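Have a look at run_21.cif; it's mmCIF, C-alpha atoms:
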data_run
#
loop_
_atom_site.label_atom_id
_atom_site.label_comp_id
_atom_site.auth_asym_id
_atom_site.auth_seq_id
_atom_site.Cartn_x
_atom_site.Cartn_y
_atom_site.Cartn_z
CA MET A 1 0.00 0.00 0.00
CA PHE A 2 2.73 2.48 1.03
CA ASN A 3 6.25 2.75 -0.31
CA ILE A 4 8.11 3.89 2.79
CA LYS A 5 11.74 4.88 2.37
CA VAL A 6 14.00 4.23 5.34
CA ASP A 7 17.54 5.59 5.25
CA TYR A 8 20.57 3.97 6.86
CA PRO A 9 20.84 4.38 10.63
CA SER A 10 23.24 6.83 12.27
CA LEU A 11 26.43 5.46 13.83
CA ALA A 12 24.85 5.48 17.31
CA GLU A 13 21.67 3.77 16.02
CA GLU A 14 23.70 1.15 14.17
CA GLU A 15 25.77 0.40 17.29
CA LYS A 16 22.53 -0.01 19.27
CA ILE A 17 21.14 -2.40 16.61
CA LEU A 18 24.34 -4.45 16.61
CA SER A 19 24.45 -4.56 20.40
CA ALA A 20 20.80 -5.60 20.71
CA THR A 21 21.02 -8.32 18.06
CA SER A 22 24.47 -9.74 18.81
CA ASN A 23 23.91 -10.77 22.42
CA ALA A 24 22.80 -14.21 23.51
CA GLU A 25 19.93 -12.57 25.40
CA LYS A 26 16.80 -12.26 23.32
CA PRO A 27 14.06 -9.75 24.17
CA GLU A 28 10.77 -11.07 25.47
CA ILE A 29 8.01 -10.96 22.89
CA ARG A 30 4.50 -10.35 24.13
CA LYS A 31 1.16 -9.99 22.42
CA VAL A 32 -0.08 -6.42 22.17
CA LEU A 33 -3.45 -6.98 20.47
CA SER A 34 -5.60 -10.05 20.03
CA ALA A 35 -6.88 -11.11 16.62
CA LYS A 36 -10.36 -10.04 17.71
CA ALA A 37 -9.09 -6.56 18.65
CA ILE A 38 -7.34 -6.18 15.28
CA GLN A 39 -10.53 -7.20 13.45
CA PHE A 40 -12.52 -4.69 15.51
CA LEU A 41 -10.09 -1.88 14.64
CA GLN A 42 -10.17 -2.80 10.95
CA LYS A 43 -13.97 -2.67 11.01
CA GLN A 44 -13.93 0.72 12.76
CA ILE A 45 -11.49 2.21 10.22
CA ASN A 46 -13.56 0.91 7.31
CA GLN A 47 -16.55 2.83 8.69
CA ILE A 48 -14.74 6.16 8.28
CA GLN A 49 -16.56 7.95 5.47
CA ALA A 50 -15.15 9.13 2.17
CA THR A 51 -17.38 11.91 0.88
CA PRO A 52 -18.25 12.23 -2.83
CA LEU A 53 -16.09 15.38 -3.03
CA THR A 54 -13.06 13.55 -1.64
CA ILE A 55 -13.65 10.54 -3.89
CA ASN A 56 -13.84 12.93 -6.84
CA TYR A 57 -10.49 14.47 -5.84
CA VAL A 58 -8.87 11.03 -5.48
CA ALA A 59 -10.15 9.92 -8.89
CA ARG A 60 -8.94 13.13 -10.56
CA LEU A 61 -5.53 12.91 -8.85
CA VAL A 62 -5.00 9.28 -9.87
CA ARG A 63 -6.19 9.88 -13.44
CA ALA A 64 -3.82 12.85 -13.73
CA THR A 65 -0.87 10.44 -13.29
CA ARG A 66 -1.74 8.63 -16.54
CA PRO A 67 0.00 10.10 -19.59
CA GLY A 68 -2.75 8.86 -21.94
CA ASP A 69 -5.59 10.44 -19.95
CA PRO A 70 -6.97 13.72 -21.36
CA SER A 71 -6.84 15.24 -17.85
CA ALA A 72 -3.10 14.59 -17.45
CA PRO A 73 -1.03 17.77 -17.35
CA ALA A 74 1.57 18.26 -20.09
CA PHE A 75 4.47 17.52 -17.71
CA VAL A 76 2.97 14.07 -16.93
CA LYS A 77 2.67 13.31 -20.64
CA GLU A 78 6.35 14.24 -21.02
CA LEU A 79 7.82 12.58 -17.91
CA VAL A 80 5.68 9.51 -17.12
CA ASP A 81 5.49 6.19 -18.97
CA TRP A 82 2.83 4.51 -16.78
CA GLY A 83 0.47 6.11 -14.34
CA ALA A 84 -1.36 4.78 -11.30
CA GLY A 85 -4.33 2.43 -11.59
CA PRO A 86 -7.58 2.20 -9.64
CA ARG A 87 -5.87 0.37 -6.76
CA ALA A 88 -3.89 3.57 -6.10
CA GLY A 89 -7.18 5.39 -5.50
CA GLN A 90 -8.33 2.65 -3.15
CA TYR A 91 -5.07 2.91 -1.20
CA LEU A 92 -5.23 6.71 -1.08
CA ILE A 93 -8.65 6.40 0.55
CA ALA A 94 -7.47 3.62 2.91
CA GLY A 95 -4.43 5.67 3.93
CA ALA A 96 -6.57 8.75 4.43
CA ARG A 97 -8.92 6.70 6.61
CA ALA A 98 -5.98 5.70 8.81
CA VAL A 99 -4.98 9.37 9.18
CA ALA A 100 -8.55 10.36 10.04
CA ALA A 101 -8.80 7.49 12.55
CA MET A 102 -5.61 8.60 14.30
CA ASP A 103 -7.08 12.10 14.53
CA GLY A 104 -10.42 10.71 15.82
CA ARG A 105 -12.45 12.00 12.86
CA PRO A 106 -15.45 10.20 11.29
CA SER A 107 -14.58 11.10 7.68
CA ILE A 108 -11.54 11.70 5.52
CA SER A 109 -10.53 15.04 4.07
CA VAL A 110 -8.63 16.12 0.98
CA LYS A 111 -5.83 17.11 3.36
CA ASP A 112 -5.62 13.46 4.53
CA VAL A 113 -5.38 12.27 0.92
CA ARG A 114 -2.64 14.79 0.18
CA ARG A 115 -0.75 13.64 3.28
CA VAL A 116 -0.53 10.04 2.05
CA ALA A 117 -0.20 10.80 -1.69
CA VAL A 118 3.59 10.48 -1.99
CA PRO A 119 4.03 7.15 -0.15
CA VAL A 120 1.01 5.65 -1.93
CA LEU A 121 1.73 6.90 -5.45
CA ARG A 122 5.54 6.98 -5.67
CA HIS A 123 5.90 3.35 -6.77
CA ARG A 124 2.68 3.30 -8.81
CA LEU A 125 3.90 5.50 -11.60
CA SER A 126 6.94 5.01 -13.78
CA THR A 127 8.95 8.00 -14.91
CA ASN A 128 10.76 7.85 -18.25
CA PHE A 129 14.27 8.66 -19.50
CA GLN A 130 13.40 12.33 -19.98
CA ALA A 131 12.41 12.58 -16.30
CA GLN A 132 15.64 10.88 -15.29
CA ALA A 133 17.65 13.22 -17.53
CA GLU A 134 15.98 16.17 -15.80
CA ASN A 135 16.69 14.63 -12.37
CA MET A 136 12.96 14.23 -11.71
CA ARG A 137 11.89 11.44 -9.39
CA SER A 138 8.37 10.07 -9.12
CA GLU A 139 8.07 12.00 -5.85
CA ASP A 140 8.75 15.24 -7.73
CA VAL A 141 6.02 14.44 -10.26
CA ILE A 142 3.54 13.69 -7.45
CA GLU A 143 4.41 16.89 -5.57
CA ARG A 144 3.83 18.85 -8.75
CA LEU A 145 0.51 17.07 -9.32
CA LEU A 146 -0.60 18.01 -5.80
CA VAL A 147 -0.09 21.64 -6.83
CA GLU A 148 -1.69 21.26 -10.28
CA VAL A 149 -4.77 19.15 -9.47
CA PRO A 150 -7.19 21.51 -7.73
CA GLU A 151 -9.08 20.51 -4.64
CA PRO A 152 -12.82 20.22 -5.26
CA PRO A 153 -14.77 23.35 -4.46
CA ILE A 154 -17.00 22.96 -1.44
CA PRO A 155 -20.55 24.00 -2.36
CA LYS A 156 -22.04 26.79 -0.29
CA TYR A 157 -25.10 26.08 1.79
CA GLU A 158 -28.06 28.03 0.52
CA ARG A 159 -31.12 28.61 2.63
CA GLY A 160 -34.31 27.38 1.11
#

Mind turning this structure into structure tokens?
Amino acid sequence: MFNIKVDYPSLAEEEKILSATSNAEKPEIRKVLSAKAIQFLQKQINQIQATPLTINYVARLVRATRPGDPSAPAFVKELVDWGAGPRAGQYLIAGARAVAAMDGRPSISVKDVRRVAVPVLRHRLSTNFQAQAENMRSEDVIERLLVEVPEPPIPKYERG
């Protein structure tokens, strides 16, 4: 779902890792959550709502990664060979649900989607040789898309 990049540890962190894993003593492993508790949490997160406006934004963002899509900006058509598929949209919503759950909110926001966009999308689109020649990574393309793809306008409430 996410493509998380983890850099090498610092010298102090590496020494701690080596010390902890090179001793004969092994740490005690204990259960933190039961299977039933995990299933309950999964069910709760799946009940977090994705509004039609947010779904529209996710669909437009994902479609904008596809160089053959009419909605794709010119820079995507120039720099991307393959864009993200529908699963990317599903994972953007799932990731946004996790963010909303951690914040204790009953629905996701566009801000939540934008927060998870890079780790969800970075390995779902393939940049081409031109992008590489211009030192553009998939992350750069996604960041630019987040600027280019407008958030949906929120309709004003009108009294009857």

*Of the candidates A:Thr65, A:Gln47, A:Asn135, A:Gln90, which one gets nearest to Glu148 (chain A) if we count only C-alpha atoms?*
A:Thr65

*Determine, counting all atoms listed in the file, every residue of protein, DNA or RNA that lies within 12 Å of (1.5, 3.8, -18.6) in the file coordinates, then give the result as an MDAnalysis selection string.*
chainID A and resid 63:69 72 76:85 124:128

Run through the PyMOL selection byres ((chain A and resi 118) around 10) on the given coordinates and return the selected residues as a compact mmCIF listing (two decimals) with C-alpha atoms, keeping the file's coordinate frame.
# COMPACT_ATOMS: atom_id res chain seq x y z
CA PHE A 2 2.73 2.48 1.03
CA ASN A 3 6.25 2.75 -0.31
CA ILE A 4 8.11 3.89 2.79
CA LEU A 92 -5.23 6.71 -1.08
CA VAL A 113 -5.38 12.27 0.92
CA ARG A 114 -2.64 14.79 0.18
CA ARG A 115 -0.75 13.64 3.28
CA VAL A 116 -0.53 10.04 2.05
CA ALA A 117 -0.20 10.80 -1.69
CA PRO A 119 4.03 7.15 -0.15
CA VAL A 120 1.01 5.65 -1.93
CA LEU A 121 1.73 6.90 -5.45
CA ARG A 122 5.54 6.98 -5.67
CA HIS A 123 5.90 3.35 -6.77
CA ARG A 124 2.68 3.30 -8.81
CA SER A 138 8.37 10.07 -9.12
CA GLU A 139 8.07 12.00 -5.85
CA ASP A 140 8.75 15.24 -7.73
CA VAL A 141 6.02 14.44 -10.26
CA ILE A 142 3.54 13.69 -7.45
CA GLU A 143 4.41 16.89 -5.57
CA LEU A 146 -0.60 18.01 -5.80

_Once the PyMOL selection byres ((chain A and resi 149) around 9) has been evaluated on this model, what residues remain selected, and can you format them as a count of residues only?_
12

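With all atoms listed in the file as the atoms that count, the residue of A:Ile108, A:Ala98, A:Glu134, A:Ile154 with the shortest distance to Ile45 (chain A) is A:Ala98.
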